[in-house]
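**Q** Provided herewith: work_16.csv, CSV, C-alpha atoms and all ligand atoms.
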```csv
chain,number,residue,atom,x,y,z
A,22,MET,CA,-50.5,133.8,-72.7
A,23,LEU,CA,-49.0,137.1,-73.8
A,24,VAL,CA,-47.5,139.1,-70.9
A,25,TYR,CA,-46.4,142.6,-72.0
A,26,PHE,CA,-44.2,144.1,-69.2
A,27,ASP,CA,-42.4,146.5,-71.5
A,28,ASN,CA,-44.6,149.5,-71.2
A,29,ALA,CA,-41.7,151.9,-70.7
A,30,ALA,CA,-40.6,151.1,-74.2
A,31,THR,CA,-44.1,151.7,-75.6
A,32,THR,CA,-47.7,151.1,-74.6
A,33,ARG,CA,-50.7,149.7,-76.4
A,34,PRO,CA,-53.0,152.5,-77.4
A,35,PHE,CA,-56.3,152.4,-75.5
A,36,ASP,CA,-59.2,151.1,-77.7
A,37,SER,CA,-60.9,154.4,-77.4
A,38,VAL,CA,-57.7,156.1,-78.7
A,39,ILE,CA,-57.6,153.8,-81.7
A,40,ASP,CA,-61.3,154.6,-82.4
A,41,LYS,CA,-60.7,158.3,-82.0
A,42,MET,CA,-57.7,158.2,-84.4
A,43,GLY,CA,-59.8,156.4,-87.0
A,44,ALA,CA,-62.8,158.6,-86.6
A,45,VAL,CA,-60.8,161.8,-86.9
A,46,MET,CA,-58.9,160.5,-89.9
A,47,ARG,CA,-62.1,159.5,-91.6
A,48,ASP,CA,-64.3,162.5,-90.7
A,49,THR,CA,-61.9,165.5,-90.4
A,50,ILE,CA,-60.4,165.8,-93.8
A,51,GLY,CA,-59.3,169.4,-93.9
A,52,ASN,CA,-55.9,170.8,-93.3
A,53,PRO,CA,-55.9,172.7,-89.9
A,54,ALA,CA,-53.9,175.5,-91.5
A,55,SER,CA,-56.5,176.0,-94.2
A,56,MET,CA,-59.1,178.8,-93.8
A,57,SER,CA,-61.9,176.7,-95.2
A,58,THR,CA,-64.7,175.4,-93.0
A,59,LEU,CA,-63.1,171.9,-93.3
A,60,GLY,CA,-59.8,173.5,-92.1
A,61,ILE,CA,-61.6,175.1,-89.2
A,62,GLU,CA,-63.1,171.8,-88.2
A,63,ALA,CA,-59.7,170.2,-88.1
A,64,GLU,CA,-58.2,173.2,-86.2
A,65,LYS,CA,-60.9,172.6,-83.5
A,66,GLN,CA,-59.4,169.2,-82.8
A,67,ILE,CA,-56.0,170.8,-82.3
A,68,ILE,CA,-57.4,173.5,-80.1
A,69,GLN,CA,-59.2,170.9,-78.0
A,70,ALA,CA,-56.0,168.8,-77.7
A,71,LYS,CA,-54.1,171.9,-76.5
A,72,ASN,CA,-56.8,172.6,-73.9
A,73,ILE,CA,-56.7,169.1,-72.5
A,74,ILE,CA,-52.9,169.0,-72.3
A,75,SER,CA,-52.5,172.5,-70.9
A,76,GLN,CA,-55.0,171.7,-68.2
A,77,SER,CA,-53.0,168.7,-67.1
A,78,LEU,CA,-49.8,170.8,-66.7
A,79,GLY,CA,-51.2,174.1,-65.5
A,80,SER,CA,-49.9,175.9,-68.6
A,81,LEU,CA,-51.7,178.0,-71.2
A,82,PRO,CA,-53.0,176.3,-74.3
A,83,GLU,CA,-50.8,178.4,-76.6
A,84,GLU,CA,-47.7,177.1,-74.7
A,85,ILE,CA,-48.3,173.5,-76.1
A,86,TYR,CA,-46.6,172.6,-79.4
A,87,PHE,CA,-47.2,169.3,-81.1
A,88,THR,CA,-44.2,167.2,-82.3
A,89,SER,CA,-43.5,163.8,-83.7
A,90,GLY,CA,-42.6,162.4,-80.3
A,91,GLY,CA,-40.3,162.7,-77.3
A,92,THR,CA,-37.1,162.7,-79.3
A,93,GLU,CA,-38.1,165.7,-81.4
A,94,ALA,CA,-39.4,167.5,-78.3
A,95,ASP,CA,-36.1,167.0,-76.5
A,96,ASN,CA,-34.0,168.0,-79.5
A,97,TRP,CA,-36.1,171.1,-80.0
A,98,ALA,CA,-35.8,172.2,-76.3
A,99,ILE,CA,-32.0,171.8,-76.5
A,100,PHE,CA,-31.1,173.1,-80.0
A,101,GLY,CA,-33.9,175.8,-79.7
A,102,THR,CA,-32.5,177.1,-76.5
A,103,ALA,CA,-28.9,177.1,-77.9
A,104,ALA,CA,-30.0,179.0,-81.0
A,105,GLY,CA,-32.1,181.6,-79.0
A,106,TYR,CA,-29.8,182.2,-76.1
A,107,ASN,CA,-26.2,181.8,-77.5
A,108,ARG,CA,-25.5,185.4,-76.7
A,109,SER,CA,-26.3,184.8,-73.0
A,110,GLY,CA,-23.9,181.8,-72.7
A,111,LYS,CA,-22.8,178.5,-74.0
A,112,HIS,CA,-23.0,176.4,-70.9
A,113,ILE,CA,-25.5,173.5,-70.5
A,114,VAL,CA,-26.1,171.3,-67.5
A,115,THR,CA,-27.7,167.9,-67.6
A,116,THR,CA,-27.5,164.6,-65.7
A,117,ALA,CA,-25.7,161.3,-66.2
A,118,VAL,CA,-28.9,159.3,-66.5
A,119,GLU,CA,-30.7,161.2,-69.3
A,120,HIS,CA,-32.1,159.5,-72.3
A,121,PRO,CA,-30.0,159.7,-75.6
A,122,ALA,CA,-32.7,162.0,-76.9
A,123,VAL,CA,-31.2,164.6,-74.5
A,124,LEU,CA,-27.6,163.5,-74.2
A,125,ALA,CA,-26.9,163.2,-78.0
A,126,PRO,CA,-28.1,166.8,-78.9
A,127,ILE,CA,-26.0,168.2,-76.0
A,128,GLN,CA,-23.0,166.2,-77.2
A,129,ARG,CA,-23.6,167.6,-80.7
A,130,LEU,CA,-23.6,171.2,-79.2
A,131,THR,CA,-20.3,170.5,-77.4
A,132,GLU,CA,-18.8,169.8,-80.8
A,133,LYS,CA,-19.9,173.3,-81.9
A,134,GLY,CA,-18.3,175.1,-79.0
A,135,TYR,CA,-20.8,174.7,-76.2
A,136,GLU,CA,-19.7,173.3,-72.8
A,137,ALA,CA,-21.7,170.7,-70.9
A,138,THR,CA,-21.6,169.7,-67.2
A,139,ILE,CA,-23.0,166.2,-66.5
A,140,VAL,CA,-24.3,166.0,-63.0
A,141,PRO,CA,-23.8,162.6,-61.2
A,142,VAL,CA,-26.5,160.5,-59.5
A,143,ASP,CA,-26.4,158.5,-56.3
A,144,GLN,CA,-26.8,154.7,-56.1
A,145,GLN,CA,-30.6,154.9,-56.3
A,146,CYS,CA,-30.4,157.1,-59.4
A,147,ASN,CA,-31.3,160.4,-57.7
A,148,VAL,CA,-29.7,163.4,-59.2
A,149,LYS,CA,-27.2,164.9,-56.7
A,150,LEU,CA,-28.8,168.3,-56.0
A,151,ASP,CA,-25.7,169.8,-54.4
A,152,ALA,CA,-23.6,169.0,-57.5
A,153,LEU,CA,-26.4,170.4,-59.8
A,154,GLU,CA,-26.5,173.6,-57.8
A,155,GLN,CA,-22.7,174.0,-57.9
A,156,SER,CA,-22.7,173.5,-61.7
A,157,ILE,CA,-25.0,176.5,-62.4
A,158,ARG,CA,-22.9,179.5,-63.6
A,159,PRO,CA,-23.8,183.0,-64.9
A,160,ASP,CA,-23.4,181.7,-68.5
A,161,THR,CA,-25.6,178.5,-67.9
A,162,ILE,CA,-28.4,178.9,-70.5
A,163,LEU,CA,-30.1,175.5,-69.8
A,164,VAL,CA,-30.5,172.7,-67.3
A,165,SER,CA,-32.1,169.6,-68.7
A,166,CYS,CA,-33.3,167.0,-66.2
A,167,MET,CA,-35.6,164.1,-66.6
A,168,TRP,CA,-38.8,163.5,-64.5
A,169,ALA,CA,-38.9,159.7,-64.2
A,170,ASN,CA,-36.0,157.6,-65.3
A,171,ASN,CA,-36.8,155.2,-68.1
A,172,GLU,CA,-34.6,152.4,-66.8
A,173,THR,CA,-35.0,152.5,-63.0
A,174,GLY,CA,-38.2,154.5,-62.5
A,175,THR,CA,-36.5,156.8,-60.0
A,176,LEU,CA,-38.5,160.0,-59.8
A,177,GLU,CA,-36.4,163.2,-59.7
A,178,ASP,CA,-37.5,166.0,-57.4
A,179,ILE,CA,-38.4,168.4,-60.2
A,180,GLU,CA,-40.0,171.0,-58.0
A,181,ALA,CA,-36.9,171.2,-55.8
A,182,ILE,CA,-34.6,171.3,-58.8
A,183,GLY,CA,-36.7,174.0,-60.5
A,184,LYS,CA,-36.7,176.2,-57.4
A,185,ARG,CA,-32.9,176.0,-56.9
A,186,ILE,CA,-32.1,176.7,-60.5
A,187,LYS,CA,-34.1,179.9,-60.5
A,188,GLU,CA,-32.7,181.0,-57.1
A,189,ILE,CA,-29.2,180.6,-58.4
A,190,ASN,CA,-29.7,182.0,-61.9
A,191,PRO,CA,-33.1,183.2,-62.9
A,192,ASN,CA,-32.0,183.4,-66.5
A,193,THR,CA,-31.2,179.7,-66.8
A,194,LEU,CA,-33.9,177.8,-68.6
A,195,PHE,CA,-35.2,174.6,-67.1
A,196,HIS,CA,-36.1,171.7,-69.5
A,197,VAL,CA,-37.8,168.6,-68.1
A,198,ASP,CA,-37.8,165.4,-70.2
A,199,GLY,CA,-41.2,164.3,-69.0
A,200,VAL,CA,-41.5,161.3,-71.4
A,201,GLN,CA,-41.7,158.7,-68.7
A,202,GLY,CA,-43.6,160.9,-66.2
A,203,TYR,CA,-46.3,162.6,-68.2
A,204,GLY,CA,-49.7,160.7,-67.9
A,205,LYS,CA,-48.4,158.9,-64.8
A,206,TYR,CA,-47.9,161.7,-62.2
A,207,LYS,CA,-48.9,165.3,-61.8
A,208,LEU,CA,-46.6,168.3,-62.2
A,209,ASN,CA,-47.6,171.9,-62.4
A,210,VAL,CA,-45.1,173.7,-64.7
A,211,GLN,CA,-45.6,177.0,-63.0
A,212,LYS,CA,-45.1,175.7,-59.5
A,213,ALA,CA,-42.0,173.7,-60.6
A,214,LYS,CA,-40.6,176.7,-62.5
A,215,ILE,CA,-40.3,174.6,-65.7
A,216,ASP,CA,-39.6,176.5,-68.9
A,217,MET,CA,-40.0,173.5,-71.3
A,218,LEU,CA,-41.4,170.0,-70.9
A,219,SER,CA,-41.3,167.1,-73.4
A,220,ALA,CA,-43.8,164.3,-73.6
A,221,SER,CA,-44.5,161.4,-76.0
A,222,GLY,CA,-47.9,160.0,-76.8
A,223,HIS,CA,-46.9,156.3,-77.2
A,224,LYS,CA,-45.7,156.2,-73.6
A,225,PHE,CA,-49.2,156.9,-72.2
A,226,HIS,CA,-51.4,154.7,-74.5
A,227,GLY,CA,-51.5,157.3,-77.3
A,228,PRO,CA,-50.4,156.7,-80.8
A,229,ARG,CA,-46.7,156.3,-81.7
A,230,GLY,CA,-45.3,159.3,-83.6
A,231,THR,CA,-47.1,161.9,-81.5
A,232,GLY,CA,-45.8,164.1,-78.7
A,233,PHE,CA,-45.5,167.7,-77.5
A,234,LEU,CA,-43.2,170.3,-76.1
A,235,TYR,CA,-44.5,172.8,-73.6
A,236,ILE,CA,-42.6,176.1,-74.0
A,237,LYS,CA,-43.3,178.9,-71.5
A,238,LYS,CA,-44.7,182.0,-73.2
A,239,GLY,CA,-42.2,184.8,-73.9
A,240,LEU,CA,-39.0,182.7,-74.2
A,241,ARG,CA,-36.6,183.1,-77.1
A,242,VAL,CA,-36.5,179.4,-77.9
A,243,ARG,CA,-36.1,179.0,-81.6
A,244,PRO,CA,-37.8,176.4,-83.9
A,245,LEU,CA,-36.2,173.2,-84.8
A,246,ILE,CA,-38.1,172.6,-88.0
A,247,TYR,CA,-38.5,175.5,-90.5
A,248,GLY,CA,-41.0,175.8,-93.3
A,249,GLY,CA,-44.6,177.1,-93.2
A,250,SER,CA,-46.1,179.1,-90.4
A,251,HIS,CA,-47.9,176.2,-88.7
A,252,GLN,CA,-48.1,176.3,-84.9
A,253,ASN,CA,-47.4,180.1,-84.7
A,254,GLY,CA,-44.3,179.6,-86.9
A,255,MET,CA,-42.7,177.5,-84.2
A,256,ARG,CA,-43.0,174.1,-85.8
A,257,ALA,CA,-43.5,173.9,-89.5
A,258,GLY,CA,-45.4,171.0,-91.1
A,259,THR,CA,-49.0,170.1,-91.5
A,260,GLU,CA,-50.3,169.0,-88.1
A,261,ASN,CA,-51.1,165.4,-87.4
A,262,THR,CA,-54.8,166.1,-86.6
A,263,ALA,CA,-55.8,162.5,-85.8
A,264,GLY,CA,-52.7,161.7,-83.9
A,265,THR,CA,-52.9,164.8,-81.8
A,266,ALA,CA,-56.6,164.4,-81.0
A,267,ALA,CA,-56.0,160.7,-80.1
A,268,MET,CA,-53.0,161.6,-78.0
A,269,SER,CA,-55.0,164.2,-76.1
A,270,LEU,CA,-57.7,161.6,-75.4
A,271,ALA,CA,-55.1,159.2,-74.0
A,272,ALA,CA,-53.8,162.1,-71.8
A,273,ASP,CA,-57.3,162.8,-70.6
A,274,ILE,CA,-58.0,159.2,-69.7
A,275,CYS,CA,-54.7,158.8,-67.9
A,276,TYR,CA,-55.2,162.0,-65.8
A,277,ARG,CA,-58.8,161.1,-65.0
A,278,HIS,CA,-57.6,157.7,-63.6
A,279,LEU,CA,-54.2,158.7,-62.3
A,280,GLU,CA,-54.6,157.6,-58.7
A,281,ASP,CA,-56.4,154.3,-59.6
A,282,ASN,CA,-53.7,153.5,-62.2
A,283,LYS,CA,-50.9,154.2,-59.8
A,284,LYS,CA,-52.5,151.9,-57.2
A,285,ALA,CA,-53.0,149.1,-59.8
A,286,VAL,CA,-49.4,149.2,-61.0
A,287,PHE,CA,-48.1,149.5,-57.4
A,288,THR,CA,-49.9,146.3,-56.4
A,289,LEU,CA,-48.3,144.5,-59.4
A,290,LYS,CA,-44.8,145.9,-58.7
A,291,LYS,CA,-45.0,145.1,-55.0
A,292,TRP,CA,-46.2,141.6,-55.5
A,293,LEU,CA,-43.7,140.7,-58.3
A,294,SER,CA,-40.7,142.3,-56.6
A,295,GLU,CA,-41.4,140.7,-53.2
A,296,GLN,CA,-42.0,137.3,-54.8
A,297,ILE,CA,-38.8,137.4,-56.9
A,298,LEU,CA,-36.8,138.5,-53.8
A,299,SER,CA,-38.2,135.7,-51.7
A,300,GLU,CA,-38.4,132.9,-54.2
A,301,ILE,CA,-35.3,133.4,-56.3
A,302,SER,CA,-31.9,133.7,-54.7
A,303,ASP,CA,-29.3,136.4,-55.6
A,304,THR,CA,-31.8,138.9,-56.8
A,305,ILE,CA,-31.7,142.6,-56.0
A,306,VAL,CA,-33.8,145.7,-56.8
A,307,ASN,CA,-32.1,148.6,-58.6
A,308,GLY,CA,-33.1,152.1,-58.1
A,309,GLU,CA,-35.2,153.7,-55.3
A,310,THR,CA,-37.3,151.8,-52.7
A,311,LEU,CA,-40.8,150.6,-53.5
A,312,GLU,CA,-42.3,153.6,-51.7
A,313,LYS,CA,-40.2,156.2,-53.5
A,314,ALA,CA,-39.8,154.9,-57.0
A,315,SER,CA,-42.2,154.9,-59.9
A,316,PRO,CA,-44.7,152.0,-59.5
A,317,TYR,CA,-44.6,151.7,-63.2
A,318,VAL,CA,-41.0,150.4,-63.4
A,319,LEU,CA,-39.2,147.6,-61.6
A,320,ASN,CA,-35.5,147.1,-62.4
A,321,MET,CA,-34.1,143.9,-60.9
A,322,SER,CA,-30.7,142.2,-61.2
A,323,PHE,CA,-30.5,138.4,-61.4
A,324,LEU,CA,-26.9,137.9,-60.3
A,325,GLY,CA,-24.9,135.4,-62.2
A,326,LEU,CA,-27.0,135.8,-65.3
A,327,ARG,CA,-26.8,137.8,-68.5
A,328,SER,CA,-30.1,139.6,-68.9
A,329,GLU,CA,-30.3,139.0,-72.7
A,330,VAL,CA,-30.3,135.2,-72.1
A,331,LEU,CA,-33.2,135.5,-69.7
A,332,LEU,CA,-35.0,137.9,-72.0
A,333,HIS,CA,-34.9,135.4,-74.8
A,334,ALA,CA,-36.1,132.5,-72.6
A,335,LEU,CA,-39.0,134.6,-71.3
A,336,GLU,CA,-40.0,135.6,-74.8
A,337,GLU,CA,-40.5,131.9,-75.7
A,338,LYS,CA,-43.2,131.9,-73.1
A,339,GLY,CA,-44.8,135.0,-74.5
A,340,ILE,CA,-43.3,137.3,-71.8
A,341,PHE,CA,-41.9,140.6,-72.9
A,342,VAL,CA,-39.5,142.5,-70.6
A,343,SER,CA,-36.4,144.5,-71.4
A,344,ALA,CA,-32.8,144.9,-70.4
A,345,GLY,CA,-32.1,148.6,-69.7
A,346,SER,CA,-33.9,151.0,-72.0
A,347,ALA,CA,-35.4,149.9,-75.3
A,348,CYS,CA,-33.3,152.3,-77.3
A,349,SER,CA,-30.0,150.8,-76.0
A,350,SER,CA,-31.0,147.2,-75.7
A,351,LYS,CA,-30.0,146.3,-79.3
A,352,LYS,CA,-26.5,147.4,-78.6
A,353,LYS,CA,-24.0,145.2,-76.8
A,354,ASN,CA,-22.8,148.0,-74.5
A,355,HIS,CA,-24.0,148.1,-70.9
A,356,SER,CA,-26.6,150.5,-69.5
A,357,THR,CA,-25.0,153.9,-68.9
A,358,VAL,CA,-27.7,154.6,-66.4
A,359,LEU,CA,-26.8,151.7,-64.2
A,360,GLN,CA,-23.1,152.5,-64.7
A,361,ALA,CA,-23.7,156.1,-63.5
A,362,MET,CA,-25.3,154.6,-60.3
A,363,HIS,CA,-21.9,152.8,-59.8
A,364,LEU,CA,-23.5,149.3,-59.7
A,365,SER,CA,-21.3,146.3,-59.9
A,366,GLU,CA,-20.6,144.8,-63.3
A,367,GLU,CA,-22.5,141.6,-62.3
A,368,ARG,CA,-25.5,143.6,-61.2
A,369,ILE,CA,-25.5,145.6,-64.5
A,370,GLU,CA,-25.2,142.5,-66.6
A,371,GLY,CA,-28.1,140.8,-65.0
A,372,ALA,CA,-30.5,143.8,-64.9
A,373,VAL,CA,-34.0,143.3,-66.2
A,374,ARG,CA,-36.6,146.0,-66.5
A,375,PHE,CA,-40.3,145.1,-65.9
A,376,SER,CA,-42.5,148.0,-66.8
A,377,PHE,CA,-46.2,147.9,-66.2
A,378,SER,CA,-49.5,149.4,-67.4
A,379,PRO,CA,-52.7,149.5,-65.5
A,380,GLU,CA,-54.0,147.0,-68.0
A,381,ASN,CA,-51.6,144.3,-66.7
A,382,THR,CA,-53.0,141.8,-64.2
A,383,LEU,CA,-51.8,139.8,-61.2
A,384,GLU,CA,-52.4,136.7,-63.2
A,385,GLU,CA,-49.8,137.9,-65.7
A,386,ALA,CA,-47.4,138.6,-62.9
A,387,ALA,CA,-47.9,135.1,-61.5
A,388,TYR,CA,-47.2,133.6,-64.9
A,389,CYS,CA,-44.0,135.7,-65.2
A,390,LEU,CA,-42.9,134.6,-61.7
A,391,ALA,CA,-43.4,131.0,-62.6
A,392,ALA,CA,-41.3,131.3,-65.7
A,393,LEU,CA,-38.6,133.1,-63.8
A,394,LYS,CA,-38.5,130.4,-61.2
A,395,GLU,CA,-38.2,127.8,-63.9
A,396,PHE,CA,-35.5,129.6,-66.1
A,397,VAL,CA,-33.2,131.4,-63.7
A,398,PRO,CA,-31.7,128.4,-62.0
A,399,ILE,CA,-31.2,126.5,-65.3
A,400,LEU,CA,-29.7,129.5,-67.1
A,401,ARG,CA,-27.4,130.3,-64.2
A,402,LYS,CA,-26.0,126.7,-64.2
A,403,TYR,CA,-25.5,126.9,-67.9
A,404,GLN,CA,-23.8,130.3,-67.7
A,405,ARG,CA,-21.5,129.3,-64.8
A,406,LYS,CA,-20.1,126.3,-66.8
B,501,LIG,N1,-37.0,160.4,-73.2
B,501,LIG,C1,-37.1,159.3,-72.4
B,501,LIG,C2,-36.9,159.4,-70.9
B,501,LIG,C3,-37.6,158.1,-73.0
B,501,LIG,O1,-37.8,157.1,-72.3
B,501,LIG,C4,-37.8,158.1,-74.4
B,501,LIG,C5,-38.1,156.8,-75.1
B,501,LIG,O2,-37.9,155.8,-74.6
B,501,LIG,C6,-37.6,159.3,-75.2
B,501,LIG,C7,-37.2,160.4,-74.5
B,501,LIG,C8,-37.8,159.4,-76.6
B,501,LIG,O3,-39.2,159.4,-76.9
B,501,LIG,P1,-39.8,158.9,-78.3
B,501,LIG,O4,-39.7,157.4,-78.4
B,501,LIG,O5,-41.2,159.4,-78.3
B,501,LIG,O6,-39.0,159.6,-79.4
```
Starting from the file, give its structure as structure tokens.

**A**
Amino acid sequence: MLVYFDNAATTRPFDSVIDKMGAVMRDTIGNPASMSTLGIEAEKQIIQAKNIISQSLGSLPEEIYFTSGGTEADNWAIFGTAAGYNRSGKHIVTTAVEHPAVLAPIQRLTEKGYEATIVPVDQQCNVKLDALEQSIRPDTILVSCMWANNETGTLEDIEAIGKRIKEINPNTLFHVDGVQGYGKYKLNVQKAKIDMLSASGHKFHGPRGTGFLYIKKGLRVRPLIYGGSHQNGMRAGTENTAGTAAMSLAADICYRHLEDNKKAVFTLKKWLSEQILSEISDTIVNGETLEKASPYVLNMSFLGLRSEVLLHALEEKGIFVSAGSACSSKKKNHSTVLQAMHLSEERIEGAVRFSFSPENTLEEAAYCLAALKEFVPILRKYQRK
């Protein structure tokens, strides 16, 4: 049996998404930038994708720009703001639990004379709103805060954050890394006062290598990639017509089934977390409570165990989970997110992330639980020697 509980790392594209990708690649051969009839056919696919995505966010279609994924969108929001607003200030605010796709560009800017304030989180991974408010200054050009945390599933209160930023400094831009939230929850960019929002196709059953950045109309955010005049001169490079069309189909499917999907993953998360807590000793949930956190992510610590050891054992049974985020799991160092939550060393060492998709089943969860019940006591004995 193959049990894929690593959907926060990447998801399997829906069958209809794969079909759409193939069909567009086969049938839509023109370059969307070309004025020929074939080019116009291709452009129609891009226009349709913009319509679908803008409807899901409450934005205008022309405020959606397609990228190669979440990392590019995050880099663009940060470097593009710095380039366009450097005369207004050089101060950037972000949080201690952001993905490296946000933290690394900000770090790079600090090497070039920008100043960054990193706002702390509480033990459940909620951004401390008081500290965030206090960090905003007249020269703060950007606040970048994620929507759903990739490691713990904690959902930040984006509407409250957006409102406070604009009350304190209406000129400060608000960027939301929506990579783990888009396609799973709803957010209206106007209501939440968001200036930029990043998303990534492969996190919501779209193709890998696709994504988008919403940029509110009228901002001075500069391009990240220069070249031809594609996407209104904002993102050079021939558009990925098939990938974009397929990603927008995935978004459409996710938003049409949003509530059912949430219920399905909540049932799985509730069952698995409750069973682990009652059947396996010395286990603890990291992050927010079941009711408050994302139902898509369950982060649990198996005390007295190193998570990599458990990961490998589970993999032998065809069960795929992750330790911390996918991007940091190949490195030896511990999760910076769990460290920022001030969890104990033992809790961080034994933290495992189960991340679900509506395609997962209770049967898979039961198979995973049985494997955990078998391995955890043996591995603990071995490790304690
Ligand atoms: N932001 C968050 C919160 C993520 O979880 C990820 C990927 O794990 C990214 C950004 C980067 O997205 P991509 O893999 O599409 O580059």

**Q** So, counting only C-alpha atoms, which residue among A:Ala334, A:Val123, A:Ala220, A:Ala271 is closest to Ser89 in chain A?

**A** A:Ala220

**Q** Centre and edge lengths, as lines of an AutoDock Vina configuration file, for the axis-aligned box enclosing every listed atom of range 368-385 of chain A with 8 Å of padding on each of the six sides, in Å to one decimal?

**A**
```
center_x = -39.6
center_y = 143.1
center_z = -64.6
size_x = 44.8
size_y = 28.8
size_z = 22.8
```

**Q** Give as a tab-separated table (two decimals) with C-alpha atoms, keeping the file's coordinate frame the residues surrounding ligand LIG 501 (chain B) up to a distance of 9 Å, considering all atoms listed in the file.

**A**
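Generated output (result28.tsv):
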```tsv
chain	number	residue	atom	x	y	z
A	29	ALA	CA	-41.70	151.90	-70.70
A	30	ALA	CA	-40.60	151.10	-74.20
A	31	THR	CA	-44.10	151.70	-75.60
A	89	SER	CA	-43.50	163.80	-83.70
A	90	GLY	CA	-42.60	162.40	-80.30
A	91	GLY	CA	-40.30	162.70	-77.30
A	92	THR	CA	-37.10	162.70	-79.30
A	93	GLU	CA	-38.10	165.70	-81.40
A	94	ALA	CA	-39.40	167.50	-78.30
A	95	ASP	CA	-36.10	167.00	-76.50
A	119	GLU	CA	-30.70	161.20	-69.30
A	120	HIS	CA	-32.10	159.50	-72.30
A	121	PRO	CA	-30.00	159.70	-75.60
A	122	ALA	CA	-32.70	162.00	-76.90
A	123	VAL	CA	-31.20	164.60	-74.50
A	167	MET	CA	-35.60	164.10	-66.60
A	168	TRP	CA	-38.80	163.50	-64.50
A	169	ALA	CA	-38.90	159.70	-64.20
A	170	ASN	CA	-36.00	157.60	-65.30
A	171	ASN	CA	-36.80	155.20	-68.10
A	172	GLU	CA	-34.60	152.40	-66.80
A	198	ASP	CA	-37.80	165.40	-70.20
A	199	GLY	CA	-41.20	164.30	-69.00
A	200	VAL	CA	-41.50	161.30	-71.40
A	201	GLN	CA	-41.70	158.70	-68.70
A	202	GLY	CA	-43.60	160.90	-66.20
A	219	SER	CA	-41.30	167.10	-73.40
A	220	ALA	CA	-43.80	164.30	-73.60
A	221	SER	CA	-44.50	161.40	-76.00
A	222	GLY	CA	-47.90	160.00	-76.80
A	223	HIS	CA	-46.90	156.30	-77.20
A	224	LYS	CA	-45.70	156.20	-73.60
A	229	ARG	CA	-46.70	156.30	-81.70
A	230	GLY	CA	-45.30	159.30	-83.60
A	231	THR	CA	-47.10	161.90	-81.50
A	232	GLY	CA	-45.80	164.10	-78.70
A	346	SER	CA	-33.90	151.00	-72.00
A	347	ALA	CA	-35.40	149.90	-75.30
A	348	CYS	CA	-33.30	152.30	-77.30
```

**Q** Contacts of Ala285 in chain A at 12 Å or less, counting only C-alpha atoms, minus same-chain residues fewer than 6 places along, as an mmCIF file with C-alpha atoms, in the frame of the given file?

**A**
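Listing of out-v7.cif after writing:
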```
data_model
loop_
_atom_site.group_PDB
_atom_site.id
_atom_site.type_symbol
_atom_site.label_atom_id
_atom_site.label_comp_id
_atom_site.auth_asym_id
_atom_site.auth_seq_id
_atom_site.Cartn_x
_atom_site.Cartn_y
_atom_site.Cartn_z
ATOM 1 C CA LYS A 205 -48.400 158.900 -64.800
ATOM 2 C CA HIS A 278 -57.600 157.700 -63.600
ATOM 3 C CA LEU A 279 -54.200 158.700 -62.300
ATOM 4 C CA LYS A 291 -45.000 145.100 -55.000
ATOM 5 C CA TRP A 292 -46.200 141.600 -55.500
ATOM 6 C CA PRO A 316 -44.700 152.000 -59.500
ATOM 7 C CA TYR A 317 -44.600 151.700 -63.200
ATOM 8 C CA PHE A 377 -46.200 147.900 -66.200
ATOM 9 C CA SER A 378 -49.500 149.400 -67.400
ATOM 10 C CA PRO A 379 -52.700 149.500 -65.500
ATOM 11 C CA GLU A 380 -54.000 147.000 -68.000
ATOM 12 C CA ASN A 381 -51.600 144.300 -66.700
ATOM 13 C CA THR A 382 -53.000 141.800 -64.200
ATOM 14 C CA LEU A 383 -51.800 139.800 -61.200
#
```

**Q** Give me, please, the distance in Å between CA of Val318 in chain A and CA of Val286 in chain A, quoted to one decimal.

**A**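 About the pair CA of Val318 in chain A and CA of Val286 in chain A: they are 8.8 Å apart.
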
**Q** Point out the residue among A:Leu364, A:Gly264, A:Glu337, A:Phe375 with the least atom-to-atom distance to Pro228 in chain A, counting only C-alpha atoms.

**A**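 Among the listed residues, A:Gly264 lies closest to Pro228 in chain A.
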